[in-house]
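Structure data (mmCIF, C-alpha atoms and all ligand atoms) from my_file34.cif:
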```cif
data_entry
#
loop_
_atom_site.group_PDB
_atom_site.id
_atom_site.type_symbol
_atom_site.label_atom_id
_atom_site.label_comp_id
_atom_site.auth_asym_id
_atom_site.auth_seq_id
_atom_site.Cartn_x
_atom_site.Cartn_y
_atom_site.Cartn_z
ATOM 1 C CA MET A 160 23.796 -0.293 7.082
ATOM 2 C CA LEU A 161 24.589 -3.406 9.132
ATOM 3 C CA ASP A 162 26.250 -5.163 6.211
ATOM 4 C CA PRO A 163 29.901 -5.037 7.397
ATOM 5 C CA ILE A 164 28.963 -6.712 10.688
ATOM 6 C CA GLN A 165 26.154 -8.920 9.445
ATOM 7 C CA SER A 166 28.567 -11.846 9.059
ATOM 8 C CA SER A 167 29.705 -11.449 12.697
ATOM 9 C CA ILE A 168 26.074 -11.419 13.821
ATOM 10 C CA ASN A 169 25.184 -14.452 11.730
ATOM 11 C CA TYR A 170 28.213 -16.358 13.041
ATOM 12 C CA LEU A 171 27.257 -15.711 16.684
ATOM 13 C CA ARG A 172 23.559 -16.386 16.114
ATOM 14 C CA ASP A 173 24.455 -19.765 14.609
ATOM 15 C CA LYS A 174 26.585 -20.732 17.628
ATOM 16 C CA MET A 175 24.636 -19.309 20.568
ATOM 17 C CA PHE A 176 22.019 -21.456 22.285
ATOM 18 C CA SER A 177 20.966 -19.109 25.104
ATOM 19 C CA LYS A 178 19.128 -15.800 24.681
ATOM 20 C CA PRO A 179 20.919 -13.381 27.021
ATOM 21 C CA LYS A 180 19.414 -9.948 27.593
ATOM 22 C CA ILE A 181 22.397 -8.687 29.590
ATOM 23 C CA GLY A 182 25.785 -7.868 28.113
ATOM 24 C CA ILE A 183 28.927 -7.269 30.156
ATOM 25 C CA ILE A 184 32.126 -5.680 28.873
ATOM 26 C CA LEU A 185 35.118 -6.326 31.117
ATOM 27 C CA GLY A 186 37.610 -3.521 31.432
ATOM 28 C CA THR A 187 41.234 -3.471 32.541
ATOM 29 C CA GLY A 188 42.150 -6.094 35.141
ATOM 30 C CA LEU A 189 38.569 -7.182 35.737
ATOM 31 C CA GLY A 190 38.823 -10.501 33.956
ATOM 32 C CA GLY A 191 38.195 -12.059 37.415
ATOM 33 C CA LEU A 192 34.466 -12.023 36.697
ATOM 34 C CA VAL A 193 35.074 -14.941 34.374
ATOM 35 C CA GLU A 194 36.002 -17.162 37.335
ATOM 36 C CA LYS A 195 32.472 -16.817 38.719
ATOM 37 C CA LEU A 196 30.905 -17.290 35.328
ATOM 38 C CA GLN A 197 29.340 -20.567 34.300
ATOM 39 C CA VAL A 198 30.857 -20.619 30.833
ATOM 40 C CA GLU A 199 28.718 -22.303 28.177
ATOM 41 C CA LEU A 200 30.435 -21.101 25.033
ATOM 42 C CA GLU A 201 33.679 -19.177 24.538
ATOM 43 C CA ILE A 202 34.577 -17.786 21.143
ATOM 44 C CA PRO A 203 37.964 -16.124 20.430
ATOM 45 C CA TYR A 204 37.604 -12.843 18.578
ATOM 46 C CA GLN A 205 39.717 -14.103 15.707
ATOM 47 C CA ASP A 206 37.162 -16.828 14.931
ATOM 48 C CA ILE A 207 34.410 -14.253 14.311
ATOM 49 C CA PRO A 208 34.263 -12.954 10.746
ATOM 50 C CA ASN A 209 35.017 -9.207 10.459
ATOM 51 C CA PHE A 210 35.549 -8.826 14.197
ATOM 52 C CA PRO A 211 38.490 -6.690 15.424
ATOM 53 C CA ILE A 212 41.254 -8.244 17.555
ATOM 54 C CA SER A 213 42.253 -6.666 20.891
ATOM 55 C CA THR A 214 45.937 -5.783 21.253
ATOM 56 C CA VAL A 215 46.397 -4.152 24.683
ATOM 57 C CA SER A 216 47.950 -6.310 27.423
ATOM 58 C CA GLY A 217 45.521 -7.429 30.114
ATOM 59 C CA HIS A 218 42.809 -8.065 27.520
ATOM 60 C CA LYS A 219 42.251 -11.584 26.313
ATOM 61 C CA GLY A 220 39.809 -11.248 23.474
ATOM 62 C CA THR A 221 36.979 -13.743 23.792
ATOM 63 C CA TRP A 222 33.227 -13.521 23.524
ATOM 64 C CA ILE A 223 31.664 -15.663 26.284
ATOM 65 C CA PHE A 224 28.101 -16.905 26.628
ATOM 66 C CA GLY A 225 27.178 -18.258 30.045
ATOM 67 C CA LYS A 226 25.351 -17.822 33.303
ATOM 68 C CA PHE A 227 26.325 -15.309 35.965
ATOM 69 C CA ASN A 228 24.512 -15.913 39.257
ATOM 70 C CA GLY A 229 21.974 -17.977 37.337
ATOM 71 C CA VAL A 230 21.289 -15.315 34.717
ATOM 72 C CA ASP A 231 22.090 -15.684 30.999
ATOM 73 C CA VAL A 232 24.750 -13.188 29.968
ATOM 74 C CA VAL A 233 27.104 -12.475 27.142
ATOM 75 C CA VAL A 234 30.507 -11.268 28.286
ATOM 76 C CA LEU A 235 33.071 -9.461 26.205
ATOM 77 C CA ASN A 236 36.404 -10.342 27.727
ATOM 78 C CA GLY A 237 38.547 -7.569 26.270
ATOM 79 C CA ARG A 238 37.401 -4.358 24.684
ATOM 80 C CA PHE A 239 38.698 -2.219 21.831
ATOM 81 C CA HIS A 240 40.237 1.151 22.513
ATOM 82 C CA TYR A 241 40.418 4.155 20.237
ATOM 83 C CA TYR A 242 44.124 4.563 21.113
ATOM 84 C CA GLU A 243 44.860 1.141 19.605
ATOM 85 C CA GLY A 244 44.043 2.625 16.212
ATOM 86 C CA TYR A 245 40.528 1.267 15.787
ATOM 87 C CA THR A 246 37.834 3.554 14.462
ATOM 88 C CA LEU A 247 35.002 4.359 16.871
ATOM 89 C CA ASN A 248 32.789 2.219 14.661
ATOM 90 C CA GLU A 249 35.102 -0.726 15.414
ATOM 91 C CA VAL A 250 35.344 0.197 19.105
ATOM 92 C CA THR A 251 31.546 0.043 19.356
ATOM 93 C CA MET A 252 31.030 -2.965 17.098
ATOM 94 C CA PRO A 253 30.410 -5.286 20.081
ATOM 95 C CA ILE A 254 27.517 -3.058 21.150
ATOM 96 C CA GLN A 255 26.045 -3.019 17.657
ATOM 97 C CA ILE A 256 26.253 -6.812 17.572
ATOM 98 C CA MET A 257 24.875 -7.197 21.096
ATOM 99 C CA LYS A 258 21.784 -5.222 20.130
ATOM 100 C CA GLU A 259 21.166 -7.538 17.171
ATOM 101 C CA ILE A 260 21.429 -10.676 19.336
ATOM 102 C CA GLY A 261 18.927 -9.349 21.879
ATOM 103 C CA ILE A 262 20.846 -7.440 24.563
ATOM 104 C CA GLU A 263 18.723 -4.893 26.468
ATOM 105 C CA LYS A 264 21.069 -3.965 29.323
ATOM 106 C CA LEU A 265 24.797 -3.357 29.223
ATOM 107 C CA ILE A 266 27.258 -3.417 32.094
ATOM 108 C CA LEU A 267 30.621 -1.757 31.539
ATOM 109 C CA SER A 268 33.700 -1.494 33.691
ATOM 110 C CA ASN A 269 36.913 0.447 33.364
ATOM 111 C CA ALA A 270 39.992 1.698 35.156
ATOM 112 C CA ALA A 271 40.134 5.432 35.724
ATOM 113 C CA GLY A 272 42.144 8.179 37.335
ATOM 114 C CA GLY A 273 40.328 9.833 40.246
ATOM 115 C CA MET A 274 40.138 13.631 40.393
ATOM 116 C CA ASN A 275 37.559 14.058 43.137
ATOM 117 C CA PRO A 276 39.520 14.889 46.327
ATOM 118 C CA ALA A 277 37.297 12.472 48.298
ATOM 119 C CA PHE A 278 38.472 9.515 46.194
ATOM 120 C CA LYS A 279 41.132 6.982 47.160
ATOM 121 C CA ILE A 280 43.003 4.462 45.042
ATOM 122 C CA GLY A 281 40.974 1.255 44.947
ATOM 123 C CA ASP A 282 37.601 3.027 45.205
ATOM 124 C CA ILE A 283 34.783 1.894 42.950
ATOM 125 C CA MET A 284 32.761 4.651 41.326
ATOM 126 C CA ILE A 285 29.327 4.308 39.785
ATOM 127 C CA ILE A 286 29.313 6.415 36.634
ATOM 128 C CA THR A 287 26.286 8.688 36.930
ATOM 129 C CA ASP A 288 27.039 10.706 33.798
ATOM 130 C CA HIS A 289 29.840 11.325 31.344
ATOM 131 C CA ILE A 290 31.698 13.985 29.401
ATOM 132 C CA ASN A 291 32.710 13.014 25.877
ATOM 133 C CA PHE A 292 36.245 14.352 25.411
ATOM 134 C CA PHE A 293 37.165 12.026 22.551
ATOM 135 C CA GLY A 294 36.743 14.910 20.133
ATOM 136 C CA THR A 295 34.637 12.625 17.947
ATOM 137 C CA ASN A 296 31.558 10.412 18.197
ATOM 138 C CA PRO A 297 30.799 6.848 17.047
ATOM 139 C CA LEU A 298 27.500 8.027 15.511
ATOM 140 C CA ILE A 299 29.112 10.425 13.027
ATOM 141 C CA GLY A 300 28.093 9.462 9.496
ATOM 142 C CA ALA A 301 24.862 8.402 7.841
ATOM 143 C CA ASN A 302 22.211 7.389 10.353
ATOM 144 C CA ASP A 303 19.977 4.364 9.909
ATOM 145 C CA ASP A 304 16.681 5.449 11.458
ATOM 146 C CA ASN A 305 15.707 1.790 11.849
ATOM 147 C CA LEU A 306 18.565 1.351 14.340
ATOM 148 C CA GLY A 307 18.202 4.558 16.336
ATOM 149 C CA PRO A 308 17.558 8.301 16.132
ATOM 150 C CA ARG A 309 19.788 10.788 14.291
ATOM 151 C CA PHE A 310 20.018 12.928 17.435
ATOM 152 C CA PRO A 311 19.876 10.593 20.445
ATOM 153 C CA ASP A 312 18.761 11.918 23.801
ATOM 154 C CA MET A 313 21.497 11.666 26.452
ATOM 155 C CA SER A 314 19.596 13.061 29.448
ATOM 156 C CA GLU A 315 19.893 9.693 31.208
ATOM 157 C CA ALA A 316 22.929 8.067 29.638
ATOM 158 C CA TYR A 317 23.374 5.837 32.702
ATOM 159 C CA SER A 318 20.181 4.173 33.884
ATOM 160 C CA LYS A 319 18.912 5.559 37.198
ATOM 161 C CA GLU A 320 16.999 2.320 37.731
ATOM 162 C CA LEU A 321 20.209 0.248 37.447
ATOM 163 C CA ILE A 322 22.120 2.712 39.653
ATOM 164 C CA ASN A 323 19.467 2.392 42.367
ATOM 165 C CA ILE A 324 19.637 -1.395 42.206
ATOM 166 C CA ALA A 325 23.432 -1.192 42.525
ATOM 167 C CA LEU A 326 23.161 1.078 45.557
ATOM 168 C CA THR A 327 20.752 -1.349 47.232
ATOM 169 C CA CYS A 328 23.067 -4.303 46.526
ATOM 170 C CA ALA A 329 26.114 -2.359 47.736
ATOM 171 C CA LYS A 330 24.408 -1.618 51.037
ATOM 172 C CA LYS A 331 23.418 -5.244 51.479
ATOM 173 C CA THR A 332 26.935 -6.509 50.785
ATOM 174 C CA ASP A 333 28.743 -3.707 52.602
ATOM 175 C CA ILE A 334 30.551 -2.456 49.508
ATOM 176 C CA HIS A 335 31.481 1.202 49.626
ATOM 177 C CA LEU A 336 30.715 3.011 46.384
ATOM 178 C CA GLN A 337 31.569 6.447 45.083
ATOM 179 C CA GLN A 338 29.437 8.113 42.438
ATOM 180 C CA GLY A 339 30.542 10.581 39.824
ATOM 181 C CA VAL A 340 31.055 11.881 36.324
ATOM 182 C CA TYR A 341 33.476 10.044 34.017
ATOM 183 C CA LEU A 342 35.364 11.975 31.389
ATOM 184 C CA GLY A 343 36.391 9.811 28.447
ATOM 185 C CA LEU A 344 39.242 10.698 26.099
ATOM 186 C CA SER A 345 41.408 9.030 23.496
ATOM 187 C CA GLY A 346 44.627 8.467 25.465
ATOM 188 C CA PRO A 347 47.091 6.799 25.273
ATOM 189 C CA CYS A 348 48.970 9.355 27.419
ATOM 190 C CA PHE A 349 47.935 9.609 31.021
ATOM 191 C CA GLU A 350 47.106 13.195 31.926
ATOM 192 C CA THR A 351 49.426 16.027 32.869
ATOM 193 C CA PRO A 352 48.723 17.638 36.262
ATOM 194 C CA ALA A 353 47.250 20.643 34.403
ATOM 195 C CA GLU A 354 44.907 18.367 32.451
ATOM 196 C CA TYR A 355 43.701 16.575 35.596
ATOM 197 C CA ARG A 356 43.087 19.976 37.193
ATOM 198 C CA MET A 357 41.163 21.195 34.150
ATOM 199 C CA PHE A 358 39.007 18.045 33.887
ATOM 200 C CA HIS A 359 38.077 18.280 37.547
ATOM 201 C CA TYR A 360 37.260 21.946 37.037
ATOM 202 C CA LEU A 361 35.034 20.949 34.088
ATOM 203 C CA GLY A 362 32.970 18.725 36.356
ATOM 204 C CA ALA A 363 34.583 15.299 36.026
ATOM 205 C CA ASP A 364 35.345 13.023 38.981
ATOM 206 C CA ALA A 365 37.286 10.391 37.039
ATOM 207 C CA VAL A 366 39.070 10.172 33.698
ATOM 208 C CA GLY A 367 39.728 7.212 31.432
ATOM 209 C CA MET A 368 40.199 6.008 27.885
ATOM 210 C CA SER A 369 37.041 3.996 27.204
ATOM 211 C CA THR A 370 33.323 3.565 27.977
ATOM 212 C CA VAL A 371 31.983 6.809 26.484
ATOM 213 C CA PRO A 372 31.823 5.572 22.847
ATOM 214 C CA GLU A 373 30.210 2.306 23.987
ATOM 215 C CA THR A 374 27.636 4.136 26.093
ATOM 216 C CA ILE A 375 26.796 6.470 23.205
ATOM 217 C CA MET A 376 26.266 3.514 20.854
ATOM 218 C CA ALA A 377 24.214 1.648 23.470
ATOM 219 C CA ARG A 378 21.941 4.645 24.052
ATOM 220 C CA HIS A 379 21.500 5.055 20.291
ATOM 221 C CA ARG A 380 20.258 1.447 20.237
ATOM 222 C CA ASN A 381 18.081 2.006 23.338
ATOM 223 C CA ILE A 382 20.158 -0.321 25.524
ATOM 224 C CA LYS A 383 20.230 0.623 29.223
ATOM 225 C CA VAL A 384 23.728 1.217 30.562
ATOM 226 C CA PHE A 385 25.326 0.651 33.948
ATOM 227 C CA ALA A 386 29.021 1.433 34.358
ATOM 228 C CA LEU A 387 31.640 1.225 37.091
ATOM 229 C CA SER A 388 35.139 2.689 37.320
ATOM 230 C CA VAL A 389 37.935 1.375 39.505
ATOM 231 C CA ILE A 390 40.025 4.300 40.639
ATOM 232 C CA THR A 391 43.565 3.086 39.977
ATOM 233 C CA ASP A 392 45.480 6.338 40.412
ATOM 234 C CA LEU A 393 44.846 9.896 41.505
ATOM 235 C CA GLY A 394 44.882 13.094 39.494
ATOM 236 C CA ILE A 395 44.459 15.281 42.534
ATOM 237 C CA THR A 396 46.830 18.213 43.064
ATOM 238 C CA GLY A 397 49.360 17.207 45.705
ATOM 239 C CA LYS A 398 48.619 13.481 45.298
ATOM 240 C CA ILE A 399 49.762 12.981 41.716
ATOM 241 C CA GLU A 400 52.374 10.276 41.229
ATOM 242 C CA LYS A 401 53.830 8.605 38.164
ATOM 243 C CA VAL A 402 51.265 6.283 36.544
ATOM 244 C CA SER A 403 52.055 3.155 34.575
ATOM 245 C CA LEU A 404 49.968 0.399 33.017
ATOM 246 C CA GLU A 405 51.471 -2.008 35.585
ATOM 247 C CA GLU A 406 50.230 0.167 38.461
ATOM 248 C CA VAL A 407 46.765 0.504 36.876
ATOM 249 C CA LEU A 408 46.496 -3.271 36.359
ATOM 250 C CA LYS A 409 47.706 -3.977 39.910
ATOM 251 C CA GLU A 410 45.123 -1.700 41.513
ATOM 252 C CA ALA A 411 42.335 -2.916 39.225
ATOM 253 C CA GLU A 412 43.194 -6.487 40.209
ATOM 254 C CA ILE A 413 42.925 -5.635 43.922
ATOM 255 C CA ALA A 414 39.562 -3.840 43.582
ATOM 256 C CA GLY A 415 38.229 -6.326 41.010
ATOM 257 C CA PRO A 416 36.623 -8.867 43.392
ATOM 258 C CA LYS A 417 34.471 -6.153 45.044
ATOM 259 C CA MET A 418 33.197 -5.044 41.667
ATOM 260 C CA VAL A 419 32.527 -8.632 40.596
ATOM 261 C CA LYS A 420 30.588 -9.235 43.812
ATOM 262 C CA LEU A 421 28.433 -6.162 43.225
ATOM 263 C CA ILE A 422 27.571 -7.135 39.658
ATOM 264 C CA TYR A 423 26.921 -10.723 40.811
ATOM 265 C CA GLU A 424 24.418 -9.495 43.413
ATOM 266 C CA MET A 425 22.706 -7.244 40.867
ATOM 267 C CA MET A 426 22.094 -10.022 38.347
ATOM 268 C CA PRO A 427 18.806 -11.534 39.574
ATOM 269 C CA LEU A 428 17.427 -8.036 40.210
ATOM 270 C CA ILE A 429 18.026 -6.746 36.705
ATOM 271 C CA SER A 430 17.184 -9.828 34.652
HETATM 272 N N1 LIG A 501 43.891 8.657 33.103
HETATM 273 C C1 LIG A 501 43.373 8.077 32.023
HETATM 274 N N2 LIG A 501 43.060 6.796 31.970
HETATM 275 C C2 LIG A 501 43.282 6.048 33.046
HETATM 276 C C3 LIG A 501 43.833 6.600 34.201
HETATM 277 C C4 LIG A 501 44.163 7.968 34.233
HETATM 278 O O1 LIG A 501 44.653 8.526 35.224
HETATM 279 N N3 LIG A 501 43.922 5.592 35.100
HETATM 280 C C5 LIG A 501 43.448 4.467 34.512
HETATM 281 N N4 LIG A 501 43.051 4.742 33.260
#
```
Here is a file; write its structure as structure tokens.
Ligand code: HPA
Amino acid sequence: MLDPIQSSINYLRDKMFSKPKIGIILGTGLGGLVEKLQVELEIPYQDIPNFPISTVSGHKGTWIFGKFNGVDVVVLNGRFHYYEGYTLNEVTMPIQIMKEIGIEKLILSNAAGGMNPAFKIGDIMIITDHINFFGTNPLIGANDDNLGPRFPDMSEAYSKELINIALTCAKKTDIHLQQGVYLGLSGPCFETPAEYRMFHYLGADAVGMSTVPETIMARHRNIKVFALSVITDLGITGKIEKVSLEEVLKEAEIAGPKMVKLIYEMMPLIS
């Protein structure tokens, strides 16, 4: 079952000299975390056998081992999106590999459009739950019962324990956090006003083009998940403006340091 990625796993296992239990996947514009990271080993994706290569601008494509606030971590600097043409198996390959090298907790970040009328551009939202609107699922196909269950429970997709730690850290550092449901879909179009309206009506507070497949794979492998969205634009009736990648990257860049600080503070408490 693991055969296609076994060479990637072997390659990383040969190179790595720390034993991180925490994995971090950096989303759009949040590469700033790397500046606070004590980098010990950085491996470009193209050096790893059978590993996909990221194509979207704003994503660099390296696998970094290092220490973040004194804690061993592995950081994926650049993720794979379904809209780039990768299969969901490829999109979630980093998670499958992380499990095999010992990761127990996963931190994800993304940029998202806010649909909750209380949200403002630049807000950070803790993802408390998600709606899978990809129309597919990374677990479709034969299941290897040694890796995880055929029908994984999703009653606590996002770890309450990690959310509570984040809330404590946010209070301590005076970071204002929103909480809400993230709806994930394929993209690459941003939403029409009618779609934003519908997704809000369905119970979503934010919408974006990632995270959900990774969370599903992580839960299948019994990895705890914590995820944050930066609200980079608004899909709220009356407040909808043209969205572009440039605008999304600009806003993510501005909100990035707050998010980095929060994750930094959480590190010793979750290791
Ligand atoms: N929709 C989908 N994905 C996004 C958005 C959005 O409004 N903003 C940032 N990523």
Can you tell me which residues surround A:Asn291 at a distance of at most 10 Å, considering only C-alpha atoms, apart from same-chain residues fewer than 4 positions away, and format the answer as a VMD selection string?
chain A and resid 295 to 296 341 to 345 370 to 372 375
Could you make a table, as CSV, of the residues of chain A that have an atom within 6 Å of an atom of ligand LIG 501 (chain A), each with its nearest atom pair and distance in Å to one decimal, counting only C-alpha atoms and all ligand atoms, in chain and number order?
```
residue,atom,partner,partner_atom,distance
A:Ala270,CA,A:LIG501,C5,4.5
A:Ala271,CA,A:LIG501,C5,3.7
A:Gly272,CA,A:LIG501,O1,3.3
A:Phe349,CA,A:LIG501,N1,4.6
A:Glu350,CA,A:LIG501,N1,5.7
A:Val366,CA,A:LIG501,C1,5.1
A:Gly367,CA,A:LIG501,N2,3.4
A:Met368,CA,A:LIG501,N2,5.0
A:Thr391,CA,A:LIG501,N3,5.5
A:Asp392,CA,A:LIG501,N3,5.6
A:Val407,CA,A:LIG501,C5,5.7
```
Could you tell me which of A:Ile334, A:Leu267, A:Met313, A:Ile280 comes closest to A:Lys409 if we count only C-alpha atoms?
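Smallest distance to A:Lys409 is found for A:Ile280.
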Could you expand the PyMOL selection byres (((chain A and resi 263) around 8) and not hetatm) into the explicit residues it covers here, written as a list of chain:residue names?
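So the PyMOL selection byres (((chain A and resi 263) around 8) and not hetatm), applied here, picks out A:Lys180, A:Ile181, A:Gly182, A:Lys258, A:Gly261, A:Ile262, A:Lys264, A:Leu265, A:Asn381, A:Ile382, A:Lys383.
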Picked residues, the PyMOL selection byres (((chain A and resi 201) around 9) and not hetatm), expected as a list in words:
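After applying the PyMOL selection byres (((chain A and resi 201) around 9) and not hetatm), what remains is Val198, Glu199, Leu200, Ile202, Pro203, Thr221, Trp222, Ile223, Phe224 and Gly225 of chain A.
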Selected residue, from A:Val230, A:Leu336, A:Ile168, A:Ile322, that lies nearest to A:Ile183 when counting only C-alpha atoms:
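Counting only C-alpha atoms, the residue closest to A:Ile183 is A:Val230.
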May I ask for the distance between atom CA of A:Tyr423 and atom CA of A:Leu192, given in Å to one decimal place?
8.7 Å
What does the structure give for the distance between atom CA of A:Ala329 and atom CA of A:Gly281, in Å to one decimal?
15.5 Å
I'd like the box whose edges run along x, y and z of the file and which contains every listed atom of stretch 218-229 of chain A, padded by 6 Å per side; could you state its centre and edge lengths in Å, one decimal, as JSON?
```
{"center_x": 32.4, "center_y": -13.2, "center_z": 31.4, "size_x": 32.8, "size_y": 22.2, "size_z": 27.8}
```
Assuming the chain letters and numbering stay as they are in my file, what does the PyMOL selection byres (((chain A and resi 414) around 9) and not hetatm) actually select? List them as a list in words.
Leu189, Gly281, Asp282, Ile283, Val389, Ile390, Thr391, Lys409, Glu410, Ala411, Glu412, Ile413, Gly415, Pro416, Lys417 and Met418 of chain A
Is it possible to get the residues within 12 Å of (25.8, -20.7, 15.8) (coordinates as in the file, counting all atoms listed in the file) written as a PDB file with C-alpha atoms, keeping the file's coordinate frame?
```pdb
ATOM      1  CA  SER A 166      28.567 -11.846   9.059  1.00  0.00           C
ATOM      2  CA  SER A 167      29.705 -11.449  12.697  1.00  0.00           C
ATOM      3  CA  ILE A 168      26.074 -11.419  13.821  1.00  0.00           C
ATOM      4  CA  ASN A 169      25.184 -14.452  11.730  1.00  0.00           C
ATOM      5  CA  TYR A 170      28.213 -16.358  13.041  1.00  0.00           C
ATOM      6  CA  LEU A 171      27.257 -15.711  16.684  1.00  0.00           C
ATOM      7  CA  ARG A 172      23.559 -16.386  16.114  1.00  0.00           C
ATOM      8  CA  ASP A 173      24.455 -19.765  14.609  1.00  0.00           C
ATOM      9  CA  LYS A 174      26.585 -20.732  17.628  1.00  0.00           C
ATOM     10  CA  MET A 175      24.636 -19.309  20.568  1.00  0.00           C
ATOM     11  CA  PHE A 176      22.019 -21.456  22.285  1.00  0.00           C
ATOM     12  CA  SER A 177      20.966 -19.109  25.104  1.00  0.00           C
ATOM     13  CA  LEU A 200      30.435 -21.101  25.033  1.00  0.00           C
ATOM     14  CA  GLU A 201      33.679 -19.177  24.538  1.00  0.00           C
ATOM     15  CA  ILE A 202      34.577 -17.786  21.143  1.00  0.00           C
ATOM     16  CA  ILE A 207      34.410 -14.253  14.311  1.00  0.00           C
ATOM     17  CA  PHE A 224      28.101 -16.905  26.628  1.00  0.00           C
ATOM     18  CA  ILE A 260      21.429 -10.676  19.336  1.00  0.00           C
TER      19      ILE A 260
END
```
One decimal, in Å: what's the spacing between atom CA of A:Gly191 and atom CA of A:Gly244?
26.4 Å
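Taking all atoms listed in the file into account, A:Asn323 lies nearest to A:Ile285 out of the set A:Val233, A:Ala363, A:Ala353, A:Ile285.
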Counting all atoms listed in the file, which residue out of A:His359, A:Arg238, A:His379, A:Lys420 sits closest to A:Thr396?
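Ranking A:His359, A:Arg238, A:His379, A:Lys420 by distance to A:Thr396, first place goes to A:His359.
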Shell around A:Ala325 at 10 Å using all atoms listed in the file, local window under 5 positions removed, as an MDAnalysis selection string
chainID A and resid 285 319:320 330:331 336 385 421:422 424:426 428:429
For the residues in that selection, give me C-alpha atoms as a compact mmCIF listing (two decimals), keeping the file's coordinate frame.
```txt
# COMPACT_ATOMS: atom_id res chain seq x y z
CA ILE A 285 29.33 4.31 39.78
CA LYS A 319 18.91 5.56 37.20
CA GLU A 320 17.00 2.32 37.73
CA LYS A 330 24.41 -1.62 51.04
CA LYS A 331 23.42 -5.24 51.48
CA LEU A 336 30.72 3.01 46.38
CA PHE A 385 25.33 0.65 33.95
CA LEU A 421 28.43 -6.16 43.22
CA ILE A 422 27.57 -7.14 39.66
CA GLU A 424 24.42 -9.49 43.41
CA MET A 425 22.71 -7.24 40.87
CA MET A 426 22.09 -10.02 38.35
CA LEU A 428 17.43 -8.04 40.21
CA ILE A 429 18.03 -6.75 36.70
```
For stretch 208-212 of chain A, list every protein, DNA or RNA residue within 8 Å, evaluated using all atoms listed in the file, and leave out those in the same chain fewer than 3 positions away; present the list as a PyMOL selection string.
chain A and resi 163-164+166-167+170+204-205+220+239+249+252
